[in-house]
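Chemist: Structure supplied as model.cif; contents: mmCIF, C-alpha atoms (C1' of nucleotides).
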data_work
#
loop_
_atom_site.label_atom_id
_atom_site.label_comp_id
_atom_site.auth_asym_id
_atom_site.auth_seq_id
_atom_site.Cartn_x
_atom_site.Cartn_y
_atom_site.Cartn_z
CA MET E 6 -17.37 1.08 18.70
CA PRO E 7 -19.24 4.38 18.73
CA GLN E 8 -18.42 5.79 15.29
CA PRO E 9 -15.99 4.11 12.94
CA ASN E 10 -13.94 6.82 11.28
CA PRO E 11 -10.94 5.88 9.18
CA TYR E 12 -9.77 9.47 9.21
CA ALA E 13 -8.92 9.17 12.90
CA ALA E 14 -5.46 7.77 13.54
CA LYS E 15 -6.44 5.25 16.16
CA CYS E 16 -9.66 3.99 14.65
CA PRO E 17 -9.39 0.28 13.88
CA THR E 18 -10.98 0.85 10.49
CA ARG E 19 -7.76 2.64 9.66
CA LEU E 20 -5.87 -0.56 10.37
CA VAL E 21 -8.22 -2.50 8.17
CA LEU E 22 -7.91 0.00 5.35
CA ASP E 23 -4.17 -0.19 5.69
CA ARG E 24 -4.38 -3.93 5.31
CA ILE E 25 -6.75 -4.15 2.40
CA ALA E 26 -5.46 -1.16 0.48
CA ASP E 27 -2.52 -3.25 -0.60
CA LYS E 28 -1.60 -4.24 -4.11
CA TRP E 29 -0.96 -7.91 -3.39
CA THR E 30 -4.10 -8.33 -1.36
CA VAL E 31 -6.19 -6.94 -4.18
CA LEU E 32 -4.60 -9.32 -6.67
CA LEU E 33 -4.73 -12.33 -4.37
CA MET E 34 -8.36 -11.78 -3.46
CA GLY E 35 -9.14 -11.76 -7.16
CA LEU E 36 -7.54 -15.17 -7.66
CA LEU E 37 -8.97 -16.67 -4.50
CA ASP E 38 -12.46 -15.56 -5.47
CA ARG E 39 -12.42 -18.17 -8.22
CA GLY E 40 -11.98 -21.02 -5.75
CA PRO E 41 -9.37 -22.69 -3.53
CA VAL E 42 -5.79 -22.28 -4.67
CA ARG E 43 -2.52 -23.80 -3.59
CA PHE E 44 0.43 -21.75 -2.39
CA ASN E 45 2.66 -22.20 -5.39
CA GLN E 46 -0.24 -21.70 -7.77
CA LEU E 47 -0.71 -18.25 -6.32
CA ARG E 48 3.01 -17.66 -6.49
CA ARG E 49 3.12 -18.54 -10.16
CA GLN E 50 0.05 -16.57 -11.08
CA VAL E 51 1.10 -13.28 -9.54
CA GLU E 52 4.24 -12.17 -11.30
CA GLY E 53 6.76 -10.39 -9.14
CA LEU E 54 5.38 -11.66 -5.88
CA SER E 55 8.13 -13.38 -3.93
CA GLN E 56 7.61 -16.43 -1.75
CA LYS E 57 8.39 -14.43 1.32
CA VAL E 58 5.93 -11.66 0.66
CA LEU E 59 3.23 -14.09 -0.47
CA SER E 60 3.66 -15.99 2.75
CA GLN E 61 3.46 -12.84 4.84
CA THR E 62 0.46 -11.54 2.97
CA LEU E 63 -1.46 -14.80 3.28
CA ARG E 64 -0.67 -14.91 6.99
CA LYS E 65 -2.12 -11.45 7.48
CA MET E 66 -5.17 -12.27 5.43
CA GLU E 67 -5.67 -15.38 7.51
CA ARG E 68 -5.33 -13.37 10.71
CA ASP E 69 -7.92 -10.91 9.45
CA GLY E 70 -10.34 -13.74 8.80
CA LEU E 71 -10.31 -13.30 5.04
CA VAL E 72 -8.86 -16.68 4.07
CA THR E 73 -8.60 -20.14 5.55
CA ARG E 74 -5.58 -22.35 5.22
CA THR E 75 -6.11 -26.08 4.83
CA ALA E 76 -3.22 -28.54 4.84
CA TYR E 77 -3.68 -32.01 3.38
CA PRO E 78 -1.39 -34.76 4.71
CA THR E 79 -0.07 -35.78 1.33
CA VAL E 80 3.62 -36.26 0.60
CA PRO E 81 4.74 -33.67 0.00
CA VAL E 82 2.18 -31.60 1.82
CA THR E 83 -0.55 -29.80 -0.10
CA VAL E 84 -1.92 -26.53 1.24
CA GLU E 85 -5.04 -24.88 -0.03
CA TYR E 86 -6.14 -21.34 0.58
CA SER E 87 -9.72 -20.28 0.17
CA LEU E 88 -11.83 -17.26 0.96
CA THR E 89 -14.01 -17.15 4.03
CA PRO E 90 -17.54 -15.74 3.69
CA LEU E 91 -16.12 -12.48 5.03
CA GLY E 92 -13.34 -12.67 2.48
CA ARG E 93 -15.86 -13.12 -0.31
CA THR E 94 -17.65 -9.93 0.63
CA LEU E 95 -14.33 -8.11 0.43
CA ALA E 96 -13.41 -9.77 -2.85
CA ARG E 97 -16.58 -8.42 -4.39
CA THR E 98 -15.72 -4.99 -3.06
CA LEU E 99 -12.22 -5.11 -4.52
CA ALA E 100 -13.11 -6.48 -7.94
CA PRO E 101 -14.24 -3.08 -9.30
CA LEU E 102 -10.79 -1.76 -8.48
CA ARG E 103 -9.05 -4.13 -10.86
CA THR E 104 -11.72 -3.39 -13.42
CA TRP E 105 -11.17 0.33 -12.99
CA ALA E 106 -7.42 -0.10 -13.45
CA GLU E 107 -7.99 -2.06 -16.62
CA SER E 108 -10.52 0.25 -18.17
CA HIS E 109 -8.85 3.55 -17.29
CA ILE E 110 -5.24 2.63 -17.78
CA GLU E 111 -4.99 4.53 -21.05
CA GLU E 112 -6.26 7.75 -19.54
CA VAL E 113 -3.83 7.45 -16.66
CA LEU E 114 -0.84 6.73 -18.88
CA CYS E 115 -1.79 9.64 -21.10
CA SER E 116 -2.02 11.96 -18.12
CA GLN E 117 1.34 10.79 -16.83
CA ARG E 118 3.02 11.49 -20.13
CA ALA E 119 1.51 14.98 -20.28
CA TYR E 120 2.58 15.67 -16.71
CA ASP E 121 6.13 14.48 -17.27
CA VAL E 122 6.50 16.52 -20.43
CA SER E 123 5.24 19.65 -18.70
CA LEU E 124 8.04 19.37 -16.16
CA VAL E 125 10.82 19.63 -18.75
CA MET G 12 -2.82 -2.43 -25.25
CA PRO G 13 -3.90 -5.92 -26.27
CA GLN G 14 -5.08 -7.38 -22.97
CA PRO G 15 -4.73 -5.51 -19.70
CA ASN G 16 -3.72 -8.02 -17.04
CA PRO G 17 -2.65 -6.78 -13.61
CA TYR G 18 -1.25 -10.21 -12.81
CA ALA G 19 1.56 -9.66 -15.30
CA ALA G 20 4.52 -7.81 -13.87
CA LYS G 21 4.96 -5.32 -16.67
CA CYS G 22 1.33 -4.54 -17.36
CA PRO G 23 0.62 -0.86 -16.75
CA THR G 24 -2.54 -1.76 -14.91
CA ARG G 25 -0.23 -3.17 -12.27
CA LEU G 26 1.29 0.28 -11.88
CA VAL G 27 -2.13 1.82 -11.54
CA LEU G 28 -3.21 -0.74 -8.97
CA ASP G 29 -0.03 -0.06 -7.08
CA ARG G 30 -0.88 3.58 -7.06
CA ILE G 31 -4.52 3.39 -6.08
CA ALA G 32 -4.22 0.50 -3.67
CA ASP G 33 -2.79 2.91 -1.14
CA LYS G 34 -4.25 3.85 2.18
CA TRP G 35 -3.76 7.60 1.85
CA THR G 36 -5.13 7.72 -1.67
CA VAL G 37 -8.29 5.96 -0.54
CA LEU G 38 -8.76 8.42 2.30
CA LEU G 39 -7.90 11.49 0.24
CA MET G 40 -10.20 10.54 -2.59
CA GLY G 41 -12.98 10.27 -0.06
CA LEU G 42 -12.42 13.81 1.13
CA LEU G 43 -11.90 15.26 -2.31
CA ASP G 44 -15.10 13.69 -3.54
CA ARG G 45 -17.01 16.18 -1.39
CA GLY G 46 -15.56 19.15 -3.24
CA PRO G 47 -12.39 21.22 -3.59
CA VAL G 48 -10.13 21.21 -0.55
CA ARG G 49 -7.05 23.15 0.44
CA PHE G 50 -3.74 21.53 1.27
CA ASN G 51 -3.80 22.12 4.99
CA GLN G 52 -7.43 21.17 5.24
CA LEU G 53 -6.54 17.76 3.92
CA ARG G 54 -3.58 17.62 6.26
CA ARG G 55 -5.75 18.37 9.27
CA GLN G 56 -8.52 15.99 8.30
CA VAL G 57 -6.36 12.93 7.80
CA GLU G 58 -4.74 12.14 11.10
CA GLY G 59 -1.25 10.76 10.94
CA LEU G 60 -0.60 11.99 7.42
CA SER G 61 2.55 14.12 7.38
CA GLN G 62 3.03 17.14 5.18
CA LYS G 63 5.72 15.36 3.23
CA VAL G 64 3.67 12.30 2.43
CA LEU G 65 0.56 14.35 1.68
CA SER G 66 2.55 16.42 -0.76
CA GLN G 67 4.01 13.35 -2.44
CA THR G 68 0.66 11.63 -2.64
CA LEU G 69 -1.08 14.65 -4.14
CA ARG G 70 1.70 15.00 -6.69
CA LYS G 71 1.26 11.40 -7.78
CA MET G 72 -2.51 11.77 -7.95
CA GLU G 73 -2.07 14.87 -10.06
CA ARG G 74 0.33 13.05 -12.36
CA ASP G 75 -2.17 10.23 -12.77
CA GLY G 76 -4.84 12.71 -13.76
CA LEU G 77 -6.97 12.15 -10.68
CA VAL G 78 -6.79 15.63 -9.18
CA THR G 79 -6.13 19.14 -10.38
CA ARG G 80 -4.17 21.68 -8.42
CA THR G 81 -5.26 25.32 -8.57
CA ALA G 82 -3.23 28.11 -6.98
CA TYR G 83 -4.87 31.44 -6.20
CA PRO G 84 -2.59 34.47 -6.07
CA THR G 85 -3.62 35.52 -2.58
CA VAL G 86 -1.16 36.41 0.14
CA PRO G 87 -0.30 33.94 1.39
CA VAL G 88 -1.05 31.67 -1.51
CA THR G 89 -4.16 29.48 -1.46
CA VAL G 90 -4.08 26.12 -3.22
CA GLU G 91 -7.13 24.06 -3.96
CA TYR G 92 -7.23 20.43 -4.96
CA SER G 93 -10.21 18.93 -6.69
CA LEU G 94 -11.06 15.71 -8.45
CA THR G 95 -10.99 15.45 -12.20
CA PRO G 96 -13.83 13.61 -13.93
CA LEU G 97 -11.52 10.59 -14.05
CA GLY G 98 -10.82 11.02 -10.35
CA ARG G 99 -14.51 11.05 -9.60
CA THR G 100 -15.00 7.69 -11.28
CA LEU G 101 -12.24 6.30 -9.11
CA ALA G 102 -13.63 7.93 -5.98
CA ARG G 103 -16.89 6.12 -6.54
CA THR G 104 -14.99 2.88 -6.97
CA LEU G 105 -13.08 3.38 -3.75
CA ALA G 106 -15.95 4.48 -1.55
CA PRO G 107 -17.22 0.92 -0.96
CA LEU G 108 -13.82 0.08 0.45
CA ARG G 109 -14.13 2.55 3.29
CA THR G 110 -17.67 1.38 3.83
CA TRP G 111 -16.50 -2.22 3.96
CA ALA G 112 -13.83 -1.35 6.51
CA GLU G 113 -16.39 0.41 8.66
CA SER G 114 -19.03 -2.27 8.52
CA HIS G 115 -16.76 -5.30 8.91
CA ILE G 116 -14.27 -3.96 11.40
CA GLU G 117 -15.75 -5.94 14.27
CA GLU G 118 -15.47 -9.24 12.44
CA VAL G 119 -11.88 -8.52 11.51
CA LEU G 120 -10.88 -7.52 15.03
CA CYS G 121 -12.58 -10.60 16.40
CA SER G 122 -10.74 -12.84 13.95
CA GLN G 123 -7.42 -11.18 14.82
CA ARG G 124 -7.93 -11.81 18.51
CA ALA G 125 -8.78 -15.45 17.89
CA TYR G 126 -5.75 -15.87 15.65
CA ASP G 127 -3.39 -14.26 18.13
CA VAL G 128 -4.68 -16.37 21.00
CA SER G 129 -4.30 -19.56 18.99
CA LEU G 130 -0.59 -18.83 18.56
CA VAL G 131 0.18 -18.83 22.29
"C1'" DC O 1 -0.27 28.91 3.37
"C1'" DA O 2 1.84 25.50 0.77
"C1'" DG O 3 5.23 23.64 -0.09
"C1'" DT O 4 10.69 21.75 -1.04
"C1'" DA O 5 15.26 19.95 0.63
"C1'" DT O 6 18.01 17.39 3.67
"C1'" DC O 7 19.30 14.08 6.90
"C1'" DC O 8 18.48 10.11 9.45
"C1'" DT O 9 15.78 6.20 11.15
"C1'" DT O 10 12.52 2.65 10.49
"C1'" DT O 11 10.30 -0.79 7.33
"C1'" DA O 12 9.96 -3.50 3.69
"C1'" DT O 13 11.81 -6.41 0.36
"C1'" DG O 14 15.27 -9.53 -2.01
"C1'" DA O 15 18.51 -13.35 -1.95
"C1'" DT O 16 19.93 -17.33 -0.05
"C1'" DA O 17 19.88 -21.35 2.68
"C1'" DC O 18 17.45 -24.76 5.12
"C1'" DT O 19 13.26 -28.08 6.82
"C1'" DG O 20 9.01 -31.24 7.64
"C1'" DC W 8 5.33 -28.59 -1.75
"C1'" DA W 9 5.08 -25.07 1.44
"C1'" DG W 10 7.10 -22.84 4.03
"C1'" DT W 11 10.68 -20.34 7.99
"C1'" DA W 12 15.14 -17.96 9.23
"C1'" DT W 13 18.78 -14.90 8.41
"C1'" DC W 14 21.30 -11.33 6.47
"C1'" DA W 15 21.90 -7.48 3.32
"C1'" DT W 16 19.96 -3.70 0.85
"C1'" DA W 17 16.60 -0.63 -0.83
"C1'" DA W 18 12.67 2.10 -0.14
"C1'" DA W 19 9.55 4.67 2.71
"C1'" DG W 20 8.74 7.78 6.32
"C1'" DG W 21 9.64 11.29 10.23
"C1'" DA W 22 11.90 15.54 11.93
"C1'" DT W 23 13.66 19.70 11.04
"C1'" DA W 24 14.82 23.78 8.61
"C1'" DC W 25 13.89 26.89 5.05
"C1'" DT W 26 11.17 29.69 1.07
"C1'" DG W 27 7.89 32.35 -2.21
#
Could you take the file, read its structure, and then write that structure out as structure tokens?
Modeler:
Amino acid sequence: MPQPNPYAAKCPTRLVLDRIADKWTVLLMGLLDRGPVRFNQLRRQVEGLSQKVLSQTLRKMERDGLVTRTAYPTVPVTVEYSLTPLGRTLARTLAPLRTWAESHIEEVLCSQRAYDVSLV
Amino acid sequence: MPQPNPYAAKCPTRLVLDRIADKWTVLLMGLLDRGPVRFNQLRRQVEGLSQKVLSQTLRKMERDGLVTRTAYPTVPVTVEYSLTPLGRTLARTLAPLRTWAESHIEEVLCSQRAYDVSLV
DNA sequence: CAGTATCCTTTATGATACTG
DNA sequence: CAGTATCATAAAGGATACTG
């Protein structure tokens, strides 16, 4: 690749951005960064995330080389997801985003209220 | 707010994450971080971003207190968007994401190819 | 230039049922 | 437990036309 440029429509970095700039991915990476987690653990820990969407999201993350899926032949089957080394580098990049959301939430809410009032 | 927790469905930080974990926002913040930009400049610089979606995205960013919109009474009208101080803190948080996409794109593409082949 | 409004199509998500 | 498959619906996005 000569010059990665996410502002160009066909640049693959655009595809990656598309993938990682996703609410569920950000949340899931945060949980996975703590260690291996099972499917239903993730499901329970992220409120509002349906089984279907969790499954889809994990599949994409696996395809992108961010997580590995390990199935243990127990009965019933146990499946563990964990970050790859690549995934860990991304997790560390995404962590500040959750932190930002937490520490600036008040300012954002305040701004939203002011904006909404000004429209009346 | 007692304990911001984006993993809870009703936590406002979830709303913020939702908002900022968006491809266009990430790209726009990157451009705006360089200085004030006009509407059509943004439109031209971000390939694939339609006027409608750009407009919607800027409106949301304005509502969240990330950008300010300034209209100059020229003919025809000139409108400049620039980051607020709050927006600048977010821009700095998002920058590593674009960098990550650029520097790890090869690994991701490679992983995708391997994944897709393994499915055949 | 910088939008808004409308219509219409494409995607994404939700609910439900089923399986190794 | 950890999924997939299917159908229905809701949400997002594109195309086009129009305005101060």
Chemist: Apply the PyMOL selection byres ((chain E) within 8 of (chain W)) to the structure shown and report the selected residues as a CSV table (one decimal) with C-alpha atoms, in the frame of the given file.
Modeler:
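Final output, expr-v6.csv:
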chain,number,residue,atom,x,y,z
E,44,PHE,CA,0.4,-21.8,-2.4
E,45,ASN,CA,2.7,-22.2,-5.4
E,60,SER,CA,3.7,-16.0,2.8
E,81,PRO,CA,4.7,-33.7,0.0
E,82,VAL,CA,2.2,-31.6,1.8
E,83,THR,CA,-0.6,-29.8,-0.1
E,84,VAL,CA,-1.9,-26.5,1.2
Chemist: Please report the interatomic distance between atom CA of Leu95 of chain E and atom CA of Glu113 of chain G in Å with one decimal.
Modeler: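 So the answer is 12.0 Å.
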Chemist: Neighbours of Gly92 of chain E within 8 Å (all atoms listed in the file; same-chain residues fewer than 5 positions away dropped), as number ranges by chain?
Modeler: E: 34, 70-72
Chemist: Determine which residues of chain O sit within 10 Å of chain E, taking into account all atoms listed in the file, and present them as a compact mmCIF listing (two decimals) with C-alpha atoms (C1' of nucleotides), in the frame of the given file.
Modeler:
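Output file iface_17.txt follows:
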# COMPACT_ATOMS: atom_id res chain seq x y z
C1' DA O 12 9.96 -3.50 3.69
C1' DT O 13 11.81 -6.41 0.36
C1' DG O 14 15.27 -9.53 -2.01
C1' DG O 20 9.01 -31.24 7.64
Chemist: Which protein, DNA or RNA residues are at most 12 Å from (-12.2, -3.4, -16.6) in the file's coordinates when you count all atoms listed in the file, listed as a list in words?
Modeler: Ala100, Pro101, Leu102, Arg103, Thr104, Trp105, Ala106, Glu107, Ser108, His109, Ile110 and Glu111 of chain E; Gln14, Pro15, Asn16, Pro17, Thr24 and Thr104 of chain G
Chemist: Go ahead and write the selection's residues with C-alpha atoms as an mmCIF file, in the frame of the given file.
Modeler:
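To be explicit, this is the file written out as out07.cif:
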data_model
loop_
_atom_site.group_PDB
_atom_site.id
_atom_site.type_symbol
_atom_site.label_atom_id
_atom_site.label_comp_id
_atom_site.auth_asym_id
_atom_site.auth_seq_id
_atom_site.Cartn_x
_atom_site.Cartn_y
_atom_site.Cartn_z
ATOM 1 C CA ALA E 100 -13.110 -6.480 -7.940
ATOM 2 C CA PRO E 101 -14.240 -3.080 -9.300
ATOM 3 C CA LEU E 102 -10.790 -1.760 -8.480
ATOM 4 C CA ARG E 103 -9.050 -4.130 -10.860
ATOM 5 C CA THR E 104 -11.720 -3.390 -13.420
ATOM 6 C CA TRP E 105 -11.170 0.330 -12.990
ATOM 7 C CA ALA E 106 -7.420 -0.100 -13.450
ATOM 8 C CA GLU E 107 -7.990 -2.060 -16.620
ATOM 9 C CA SER E 108 -10.520 0.250 -18.170
ATOM 10 C CA HIS E 109 -8.850 3.550 -17.290
ATOM 11 C CA ILE E 110 -5.240 2.630 -17.780
ATOM 12 C CA GLU E 111 -4.990 4.530 -21.050
ATOM 13 C CA GLN G 14 -5.080 -7.380 -22.970
ATOM 14 C CA PRO G 15 -4.730 -5.510 -19.700
ATOM 15 C CA ASN G 16 -3.720 -8.020 -17.040
ATOM 16 C CA PRO G 17 -2.650 -6.780 -13.610
ATOM 17 C CA THR G 24 -2.540 -1.760 -14.910
ATOM 18 C CA THR G 104 -14.990 2.880 -6.970
#
Chemist: Could you build a table of the residues in chain E lying no more than 6 Å from chain G, giving for each the nearest pair of atoms and their separation in Å rounded to one decimal place, using only C-alpha atoms, ordered by chain and ascending residue number, as a Markdown table?
Modeler:
| residue | atom | partner | partner_atom | distance |
| --- | --- | --- | --- | --- |
| E:Pro9 | CA | G:Glu113 | CA | 5.7 |
| E:Tyr12 | CA | G:Val57 | CA | 5.1 |
| E:Ala13 | CA | G:Glu58 | CA | 5.4 |
| E:Ala14 | CA | G:Glu58 | CA | 5.1 |
| E:Thr18 | CA | G:Ala112 | CA | 5.4 |
| E:Val21 | CA | G:Ala112 | CA | 6.0 |
| E:Asp23 | CA | G:Lys34 | CA | 5.4 |
| E:Ala26 | CA | G:Ala32 | CA | 4.6 |
| E:Asp27 | CA | G:Ala32 | CA | 5.1 |
| E:Lys28 | CA | G:Asp29 | CA | 5.4 |
| E:Val51 | CA | G:Tyr18 | CA | 5.1 |
| E:Glu52 | CA | G:Ala20 | CA | 5.1 |
| E:Gly53 | CA | G:Ala20 | CA | 5.8 |
| E:Arg68 | CA | G:Gln123 | CA | 5.1 |
| E:Asp69 | CA | G:Val119 | CA | 5.1 |
| E:Gly70 | CA | G:Ser122 | CA | 5.2 |
| E:Ala106 | CA | G:Thr24 | CA | 5.4 |
| E:Glu107 | CA | G:Pro15 | CA | 5.7 |
| E:Ile110 | CA | G:Thr24 | CA | 5.9 |
| E:Val113 | CA | G:Asp75 | CA | 5.1 |
| E:Ser116 | CA | G:Gly76 | CA | 5.2 |
| E:Gln117 | CA | G:Arg74 | CA | 5.1 |
| E:Tyr120 | CA | G:Arg74 | CA | 5.6 |
